[in-house]
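Undergrad: Dropping the structure in here first, questions after.
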Amino acid sequence: MDTQRKKGVLEICVLAALQREPSYGYRIVSDISPCIEASESTLYPILRRLEASGCVSTFSQEHNGRLRKYYRIEPLGEEKVRQFLSEAEEMRRIYQYIEEESL
Amino acid sequence: MNQEEFLQRLAAALAPLSDAERACIIDYYREMICDGVESGKLEQELIAGFGTAQEIAAQILEESRTASGEHAEVPAMPPAQSASDAYAAQGPVHSIIVDARHTSVEVHSVQDGPVQVHFIPTERDHVTVSENSGTFSFHHTVEFSFFHWRDLFYMPHRIIVDVPVNFAGELHVSTCNAGLIAADLSGLSTAQFVTSNAHLTVSNIICGNLSARTSNGPLNLQNVHGRSCTA
């Protein structure tokens with residue numbers, strides 16, 4: 001996928017993975033892997049950016065004698081997901097147009 | 001490679017970052033390795049999947065550069081672009097350095113405002129501006145390809161330098177294969193104008209030491225006053 005486009009959708013995918021409940025790095029990577037290619041290294045800057053922009057907040061919880069960092073979605077993050085989904089209809093029209101013109 | 005070796009290499013590659021940022025990244029990867037191993041993956045495989053420490057560091061440093069607009073390695077703050085084409089100095093300036101390539105430069109005097117350089121770069125231009133202890137530097141260079149030679153001749157492409165009337169420091173302007181015009185400057189301690197294969201016109205200048213140099217082109221000096229002049 002185009003790098004710029006991927007960067008944009010990857011953020012939303014991460015936010016979506018956090019919608020039901022808070023999650024941690026490793027699980028976020030494995031949750032979104034079936035739908036979009038993302039490595040641990042691509043994920044780090046995205047999580048950082050989401051935290052810096054207030055879309056997610058973090059907290060630490062003990063797990064098997066070590067501290068694990070959890071990410072929780074914030075209202076701003078939920079709004080971003082809503083906005084993305086509201087663009088779905090427009091995106092579909094755009095894809096349809098491009099497909100039809102390419103035949 | 002094992003966990004400790006990988007994390008050590010990563011920490012070394014992340015030296016330009018702050019201690020706090022570096023610790024965050026190390027914790028992140030350490031956690032990834034622990035969680036991965038817990039799920040049954042092999043430590044070596046996990047680490048191999050991250051990429052090399054250099055690759056990871058490069059990506060993270062690039063991100064922090066574009067995100068904050070600040071260069072991690074350079075201590076000085078890059079001046080802000082106030083208007084769409086202006087690179088303005090933020091603090092007091094005593095030395096102005098404008099170094100360009102293949103682009104004409106005009107130096108004007110302005111009544112007020114900061115030291116500023118006006119230039120609209122295209123994708124082929126590379127501009128670096130920095131401000132360090134009172135020295136404002138504007139470096140410009142341009143990428144060449146055979147197809148774009150035409151564009152150089154037809155584009156109204158030039159660099160304009162605004163020097164405030166009360167500026168009394170050093171001014172160094174250089175370019176090549178393009179004209180250089182400087183006018184109505186006074187109070188400069190040192191002024192140096194260099195170009196090649198083009199005209200150089202200096203008029204109405206009062207300064208301490210003036211040096212003007214070009215080759216294969218007319219050199220015009222009009223109404224220039226000062227202590228010493230080399231042309």
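Letters A, B, ... mark the chains of the structure tokens in the order given; residue numbers begin at 1 per chain; ligand numbers begin at 1, in order shown.
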Need to verify the contact set: A:Arg66, 10 Å, only C-alpha atoms, exclusion of same-chain residues closer than 5 positions in sequence. Can you return it as a PyMOL selection string?
TA: (chain A and resi 60-61) or (chain B and resi 31+34)
Undergrad: Quick check: residues of chain A within 9 Å of chain B, only C-alpha atoms, returned as a count of residues only.
TA: 14
Undergrad: So what do you get for atom CA of B:Asn204 versus atom CA of B:Ala183, distance-wise?
TA: 5.6 Å
Undergrad: I need the residues in stretch 8-77 of chain A that are strand (DSSP E or B) according to DSSP; give them as a PyMOL selection string.
TA: chain A and resi 23-24+56-63+66-73
Undergrad: Using DSSP on the backbone, list every residue of stretch 18-128 of chain B that comes out as helix (DSSP H, G or I), and give them as number ranges by chain.
TA: B: 19-38, 43-50, 53-68
Undergrad: Using only C-alpha atoms, determine which residues lie at most 7 Å from stretch 134-143 of chain B, disregarding the query and same-chain residues fewer than 4 positions distant; provide the list as number ranges by chain.
TA: B: 89, 92-101, 124-130
Undergrad: Report, in Å with one decimal, the straight-line distance from atom CA of A:Phe59 to atom CA of A:Ile73.
TA: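 A separation of 11.3 Å between them.
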Undergrad: Which residues come within 9 Å of A:Ile12, counting only C-alpha atoms, excluding same-chain residues fewer than 6 positions away, as a compact mmCIF listing (two decimals) with all heavy atoms, in the first residue's frame?
TA:
```txt
# COMPACT_ATOMS: atom_id res chain seq x y z
N GLY A 77 -9.96 10.16 20.14
CA GLY A 77 -9.67 9.00 19.31
C GLY A 77 -10.94 8.39 18.76
O GLY A 77 -11.01 8.00 17.60
N LYS A 80 -12.19 10.35 15.90
CA LYS A 80 -11.43 10.09 14.66
C LYS A 80 -11.96 8.85 13.95
O LYS A 80 -12.05 8.82 12.72
CB LYS A 80 -9.94 9.90 14.97
CG LYS A 80 -9.18 11.18 15.13
CD LYS A 80 -7.73 11.02 14.70
CE LYS A 80 -7.13 12.39 14.42
NZ LYS A 80 -5.68 12.39 14.38
N VAL A 81 -12.30 7.82 14.73
CA VAL A 81 -12.83 6.59 14.13
C VAL A 81 -14.18 6.88 13.49
O VAL A 81 -14.44 6.48 12.35
CB VAL A 81 -12.96 5.47 15.18
CG1 VAL A 81 -13.58 4.23 14.56
CG2 VAL A 81 -11.60 5.14 15.76
N PHE A 84 -13.73 8.72 10.28
CA PHE A 84 -13.24 7.84 9.22
C PHE A 84 -14.38 7.03 8.63
O PHE A 84 -14.53 6.91 7.42
CB PHE A 84 -12.16 6.91 9.78
CG PHE A 84 -11.57 5.98 8.76
CD1 PHE A 84 -10.57 6.40 7.90
CD2 PHE A 84 -12.03 4.67 8.66
CE1 PHE A 84 -10.05 5.54 6.95
CE2 PHE A 84 -11.51 3.81 7.71
CZ PHE A 84 -10.51 4.25 6.86
```
Undergrad: From the options A:Glu51, A:Glu101, A:Glu90, A:Glu62, which residue's atoms come nearest to A:Glu74, counting only C-alpha atoms?
TA: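 Nearest to A:Glu74: A:Glu51.
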Undergrad: Which residues come within 9 Å of B:Thr103, counting only C-alpha atoms, excluding same-chain residues fewer than 6 positions away, as a PDB file with N, CA and C atoms, in the first residue's frame?
TA:
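Below is the file that was written, part28.pdb:
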```
ATOM      1  N   HIS B 140      21.460  27.436   0.179  1.00  0.00           N
ATOM      2  CA  HIS B 140      20.591  26.942  -0.881  1.00  0.00           C
ATOM      3  C   HIS B 140      21.427  26.194  -1.906  1.00  0.00           C
ATOM      4  N   THR B 141      20.872  25.071  -2.349  1.00  0.00           N
ATOM      5  CA  THR B 141      21.498  24.417  -3.474  1.00  0.00           C
ATOM      6  C   THR B 141      20.390  23.834  -4.341  1.00  0.00           C
ATOM      7  N   VAL B 142      20.736  23.441  -5.530  1.00  0.00           N
ATOM      8  CA  VAL B 142      19.684  22.994  -6.423  1.00  0.00           C
ATOM      9  C   VAL B 142      20.126  21.713  -7.121  1.00  0.00           C
ATOM     10  N   LEU B 152      15.248  26.568 -15.424  1.00  0.00           N
ATOM     11  CA  LEU B 152      16.100  27.535 -14.738  1.00  0.00           C
ATOM     12  C   LEU B 152      16.072  28.874 -15.436  1.00  0.00           C
ATOM     13  N   HIS B 157      12.929  32.874 -10.647  1.00  0.00           N
ATOM     14  CA  HIS B 157      13.413  32.202  -9.459  1.00  0.00           C
ATOM     15  C   HIS B 157      14.495  33.044  -8.834  1.00  0.00           C
ATOM     16  N   ARG B 158      14.246  33.687  -7.728  1.00  0.00           N
ATOM     17  CA  ARG B 158      15.335  34.421  -7.124  1.00  0.00           C
ATOM     18  C   ARG B 158      15.191  34.492  -5.620  1.00  0.00           C
ATOM     19  N   ILE B 159      16.269  34.823  -4.996  1.00  0.00           N
ATOM     20  CA  ILE B 159      16.336  34.926  -3.547  1.00  0.00           C
ATOM     21  C   ILE B 159      16.420  36.409  -3.202  1.00  0.00           C
ATOM     22  N   THR B 175      26.648  33.388  -4.608  1.00  0.00           N
ATOM     23  CA  THR B 175      25.885  32.520  -5.475  1.00  0.00           C
ATOM     24  C   THR B 175      26.812  32.190  -6.643  1.00  0.00           C
ATOM     25  N   CYS B 176      26.301  31.452  -7.630  1.00  0.00           N
ATOM     26  CA  CYS B 176      27.146  31.185  -8.792  1.00  0.00           C
ATOM     27  C   CYS B 176      26.255  31.134 -10.024  1.00  0.00           C
ATOM     28  N   ASN B 177      26.844  31.456 -11.151  1.00  0.00           N
ATOM     29  CA  ASN B 177      26.116  31.408 -12.425  1.00  0.00           C
ATOM     30  C   ASN B 177      24.813  32.183 -12.383  1.00  0.00           C
ATOM     31  N   ALA B 178      24.751  33.214 -11.569  1.00  0.00           N
ATOM     32  CA  ALA B 178      23.530  34.013 -11.487  1.00  0.00           C
ATOM     33  C   ALA B 178      23.879  35.387 -10.955  1.00  0.00           C
ATOM     34  N   GLY B 179      23.047  36.365 -11.315  1.00  0.00           N
ATOM     35  CA  GLY B 179      23.317  37.757 -10.946  1.00  0.00           C
ATOM     36  C   GLY B 179      23.166  38.025  -9.466  1.00  0.00           C
ATOM     37  N   LEU B 180      23.908  39.032  -9.008  1.00  0.00           N
ATOM     38  CA  LEU B 180      23.814  39.439  -7.615  1.00  0.00           C
ATOM     39  C   LEU B 180      23.673  40.949  -7.586  1.00  0.00           C
TER      40      LEU B 180
END
```
